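Chemist: This structure is in structure tokens; I'll ask about it shortly.
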Amino acid sequence: MTFAQGWHPVALSTSVEPGSSAGTHIDGKELVVWRDNSGVAHVWEDRCPHRGMKLSFGFVRGDHIACLYHGWQYDTGGRCRYIPAHPDLEVPATITVPVFTTVEALGMIWTSAEPGASRSPPPAEAAETLPVRSLYVDRDAAALFQALSANLPSPFTGVGGASLTPAGDNLCRIAAGDDRLLVGLQQLDAGRAALHVVIEGPGSIYAGAGQAHFLGWTAGLRYALEHGSIPAQIAKAEAV
Amino acid sequence: MALTETVRISFTGHFVPPSFLEFVDRRAARLDLDVSVESAGTDRVAVEISGQPDLIDAFEMACSLGPLDCIVLDCERAIVHARRMENGR
């Protein structure tokens with residue numbers, strides 16, 4: 001599976017619940033990821049055009065997100081629809097938040113991170129996915145990818161070694177035994193990056209113990225990044 | 001049904017006219033106001049502006065702060081006319 005160029009993963013789908021918002025970055029650009037109450041995810045510039053407050057500190061009401069500072073409310077198109085201090089005002093269409101193309105696929109939320117960008121849609125979800133975790137580290141994406149390549153997981157099902165293959169921009173697939181993982185790479189800024197890890201497989205096999213197995217591997221991966229190698233006790237715990 | 005006004009605002013102070021007028025144009029565009037410049041000197045800038053009264057208030061407040069290279073000491077405002085419109089202006 002190959003992702004079209006220019007898509008960035010910003011969160012696991014399960015990490016952003018309906019009616020909630022969260023802040024993130026892509027290459028230093030501040031973004032808010034929020035999900036309206038009907039379940040649709042949105043990625044916008046994380047800045048209220050009124051006074052510059054981060055919208056990720058705001059709150060979701062139905063299909064609007066409201067700024068925490070003065071309560072300005074924006075619809076799903078990024079247009080300001082209501083200003084509490086001026087309830088009778090017909091808010092002009094010029095007061096908007098830059099909105100980025102957002103899709104959900106492979107158990108992750110993806111964005112173009114460019115306003116109005118028209119890109120090829122990502123491929124439809126091919127298989128059932130189960131979330132493992134997002135891992136945030138104080139290393140750039142290149143160092144994170146290098147550590148990932150050098151510390152692949154042991155299989156949960158089947159036997160054999162592990163391999164990693166690129167699957168498009170900011171996406172790679174890991175094969176370990178009979179298991180398949182998808183890993184989204186997010187460059188947060190110059191010195192920070194994130195991994196978004198999902199299992200490509202049915203919940204009947206991986207729910208619970210399988211997720212815990214790969215969760216242990218990500219803990220070891222973090223340790224390896226910070227200390228150079230996966231310690232024996234983590235490797236042992238992962239193998240149990 | 002929205003009330004729209006046309007008002008004349010005279011800013012007095014110390015201006016770099018191109019800088020102040022660019023500032024005026026940007027704020028008017030953001031607030032969806034129509035603006036025409038009546039005069040622009042180094043000590044006085046006068047504009048006529050039309051739109052919803054609350055947005056004209058916001059415009060006046062923004063312009064009274066002005067860009068870094070201009071100082072607004074005072075502003076006078078006079079209503080040219082006001083009317084109710086069915087769909088905006």
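If you're wondering about the labels, chains in the structure tokens are A, B, ... by order shown, residues count from 1 in each chain, ligands from 1 in order shown.
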I'd like the neighbourhood of segment 178-191 of chain A as a PyMOL selection string, where a residue qualifies if any of its atoms comes within 6 Å (using only C-alpha atoms), though same-chain residues fewer than 4 positions away should be ignored.
Modeler: chain A and resi 9+25-28+138-141+157-158+170-174+195-200
Chemist: Those residues with N, CA and C atoms, as a tab-separated table (two decimals), in the first residue's frame please?
Modeler:
chain	number	residue	atom	x	y	z
A	9	PRO	N	0.67	11.83	9.09
A	9	PRO	CA	-0.16	11.33	10.18
A	9	PRO	C	-0.04	12.27	11.37
A	25	HIS	N	1.93	19.27	16.01
A	25	HIS	CA	2.77	20.05	15.10
A	25	HIS	C	3.13	19.21	13.88
A	26	ILE	N	3.36	19.87	12.77
A	26	ILE	CA	4.05	19.26	11.63
A	26	ILE	C	5.12	20.24	11.20
A	27	ASP	N	6.37	19.81	11.25
A	27	ASP	CA	7.49	20.67	10.88
A	27	ASP	C	7.40	22.04	11.56
A	28	GLY	N	7.01	22.05	12.80
A	28	GLY	CA	6.96	23.30	13.56
A	28	GLY	C	5.65	24.06	13.44
A	138	ASP	N	12.05	13.04	21.84
A	138	ASP	CA	12.85	14.24	21.58
A	138	ASP	C	13.99	13.91	20.63
A	139	ARG	N	13.64	13.45	19.47
A	139	ARG	CA	14.59	13.18	18.38
A	139	ARG	C	13.88	13.56	17.08
A	140	ASP	N	14.69	13.86	16.04
A	140	ASP	CA	14.02	14.16	14.77
A	140	ASP	C	13.56	12.87	14.10
A	141	ALA	N	12.76	13.03	13.04
A	141	ALA	CA	12.13	11.86	12.41
A	141	ALA	C	13.18	10.92	11.82
A	157	THR	N	2.55	-13.53	16.66
A	157	THR	CA	2.12	-14.82	16.10
A	157	THR	C	3.14	-15.24	15.04
A	158	GLY	N	3.35	-16.53	14.92
A	158	GLY	CA	4.30	-17.04	13.95
A	158	GLY	C	5.73	-16.91	14.45
A	170	ASN	N	5.99	9.08	4.90
A	170	ASN	CA	5.66	9.07	6.32
A	170	ASN	C	4.92	7.81	6.77
A	171	LEU	N	5.08	6.74	6.02
A	171	LEU	CA	4.42	5.49	6.39
A	171	LEU	C	5.33	4.31	6.07
A	172	CYS	N	5.43	3.37	6.98
A	172	CYS	CA	6.16	2.13	6.68
A	172	CYS	C	5.41	0.95	7.27
A	173	ARG	N	5.73	-0.21	6.74
A	173	ARG	CA	5.09	-1.44	7.21
A	173	ARG	C	6.17	-2.33	7.80
A	174	ILE	N	5.87	-2.94	8.94
A	174	ILE	CA	6.78	-3.89	9.57
A	174	ILE	C	6.13	-5.27	9.50
A	195	LEU	N	5.76	8.58	16.41
A	195	LEU	CA	5.35	7.38	15.68
A	195	LEU	C	3.91	7.08	16.03
A	196	HIS	N	3.13	6.69	15.05
A	196	HIS	CA	1.76	6.23	15.31
A	196	HIS	C	1.70	4.79	14.82
A	197	VAL	N	1.49	3.88	15.75
A	197	VAL	CA	1.62	2.44	15.45
A	197	VAL	C	0.26	1.76	15.53
A	198	VAL	N	-0.07	1.02	14.47
A	198	VAL	CA	-1.28	0.20	14.49
A	198	VAL	C	-0.93	-1.21	14.03
A	199	ILE	N	-1.70	-2.17	14.50
A	199	ILE	CA	-1.57	-3.56	14.04
A	199	ILE	C	-2.51	-3.73	12.86
A	200	GLU	N	-1.99	-4.29	11.80
A	200	GLU	CA	-2.81	-4.57	10.62
A	200	GLU	C	-3.28	-6.02	10.76
Chemist: For segment 32-49 of chain B, please output as an MDAnalysis selection string all residues within 6 Å (counting only C-alpha atoms; exclusion window: fewer than 2 positions along the same chain).
Modeler: (chainID A and resid 92) or (chainID B and resid 6:15 17 28:30 51)
Chemist: Distance cut-off 9 Å, counting only C-alpha atoms - which residues of chain B neighbour chain A? Return them as an MDAnalysis selection string.
Modeler: chainID B and resid 1:2 29:32 52:55 88
Chemist: Looking at only C-alpha atoms, which of A:Thr218, A:Asn151, A:Thr101, A:Thr24 is the one that sits closest to Arg192 of chain A?
Modeler: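 Closest candidate: A:Thr24.
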Chemist: Just list as a list in words whatever in segment 17-70 of chain B DSSP marks as strand (DSSP E or B).
Modeler: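 The strand (DSSP E or B) subset of segment 17-70 of chain B is Asp34, Val35, Ser36, Val37, Glu38, Ser39, Ala40, Arg44, Val45, Ala46, Val47, Glu48, Ile49, Ser50 and Gly51 of chain B.
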Chemist: Keeping only C-alpha atoms, write the selected residues to a file as a PDB file, in the first residue's frame.
Modeler:
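Output (result_28.pdb):
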ATOM      1  CA  ASP B  34     -15.835  48.744   2.440  1.00  0.00           C
ATOM      2  CA  VAL B  35     -13.300  51.499   2.859  1.00  0.00           C
ATOM      3  CA  SER B  36     -12.360  54.526   0.795  1.00  0.00           C
ATOM      4  CA  VAL B  37      -9.552  56.878   1.676  1.00  0.00           C
ATOM      5  CA  GLU B  38     -10.526  60.540   1.701  1.00  0.00           C
ATOM      6  CA  SER B  39      -7.128  61.945   2.592  1.00  0.00           C
ATOM      7  CA  ALA B  40      -3.799  60.631   3.811  1.00  0.00           C
ATOM      8  CA  ARG B  44      -4.050  63.120   9.499  1.00  0.00           C
ATOM      9  CA  VAL B  45      -5.730  60.241   7.677  1.00  0.00           C
ATOM     10  CA  ALA B  46      -9.463  60.268   6.900  1.00  0.00           C
ATOM     11  CA  VAL B  47     -11.424  57.271   5.661  1.00  0.00           C
ATOM     12  CA  GLU B  48     -15.059  56.556   4.907  1.00  0.00           C
ATOM     13  CA  ILE B  49     -16.048  53.074   5.902  1.00  0.00           C
ATOM     14  CA  SER B  50     -19.247  51.005   5.536  1.00  0.00           C
ATOM     15  CA  GLY B  51     -20.452  47.849   7.230  1.00  0.00           C
TER      16      GLY B  51
END
Chemist: Take atom CA of Asp63 of chain A and atom CA of Asp36 of chain A and report the distance between them in Å, one decimal.
Modeler: 5.0 Å
Chemist: Which of segment 2-228 of chain A end up as helix (DSSP H, G or I) when DSSP is run on this backbone - answer as a ChimeraX atom specification?
Modeler: /A:13-15,55-57,141-150,203-206,209-227
Chemist: Which polymer residues have any atom within 6 Å of an atom of Pro18 of chain A, counting only C-alpha atoms, with same-chain residues fewer than 3 positions away left out, as a short mmCIF file (atom, residue, chain, number, x, y, z; two decimals) with C-alpha atoms, in the first residue's frame?
Modeler:
data_model
loop_
_atom_site.label_atom_id
_atom_site.label_comp_id
_atom_site.auth_asym_id
_atom_site.auth_seq_id
_atom_site.Cartn_x
_atom_site.Cartn_y
_atom_site.Cartn_z
CA ARG A 35 -13.41 15.62 16.12
CA ASP A 36 -16.96 16.91 15.94
CA ASN A 37 -19.82 15.13 17.66
CA GLY A 39 -17.37 11.74 14.42
#
Chemist: Rank A:Phe156, A:Trp34, A:Trp217, A:Tyr74 by their smallest atom-to-atom distance to Val10 of chain A, using only C-alpha atoms, and report the top residue only.
Modeler: A:Trp34
Chemist: Have a look at A:Pro131, A:Gly78, A:Gly160, A:Gly107 and name the one nearest to Ala207 of chain A; count only C-alpha atoms.
Modeler: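 Closest to Ala207 of chain A, using only C-alpha atoms: A:Pro131.
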Chemist: Near Val16 of chain A, counting only C-alpha atoms, which residues have an atom at most 8 Å away, once you skip same-chain residues fewer than 3 positions from it, shown as number ranges by chain?
Modeler: A: 11-13, 20-22, 33-35
Chemist: Quick one: residues within 12 Å of Gly71 of chain A, only C-alpha atoms counted, chain neighbours fewer than 6 positions away excluded, as a list in words?
Modeler: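 The filter keeps Cys48, Pro49, His50, Arg51, Met53, Leu55, Phe57, Gly58, Phe59, Val60, Arg61, His64, Ile65, Cys80, Arg81, Tyr82, Ile83, Pro84, Ala85, His86 and Pro87 of chain A.
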Chemist: Have a look at atom CA of Ser134 of chain A and atom CA of Tyr69 of chain A and let me know their distance in Å, one decimal.
Modeler: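 Distance reported for this atom pair: 29.1 Å.
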Chemist: Which distance in Å separates atom CA of Pro155 of chain A and atom CA of Gly203 of chain A, to one decimal?
Modeler: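 Atom-to-atom, atom CA of Pro155 of chain A to atom CA of Gly203 of chain A, that is 16.0 Å.
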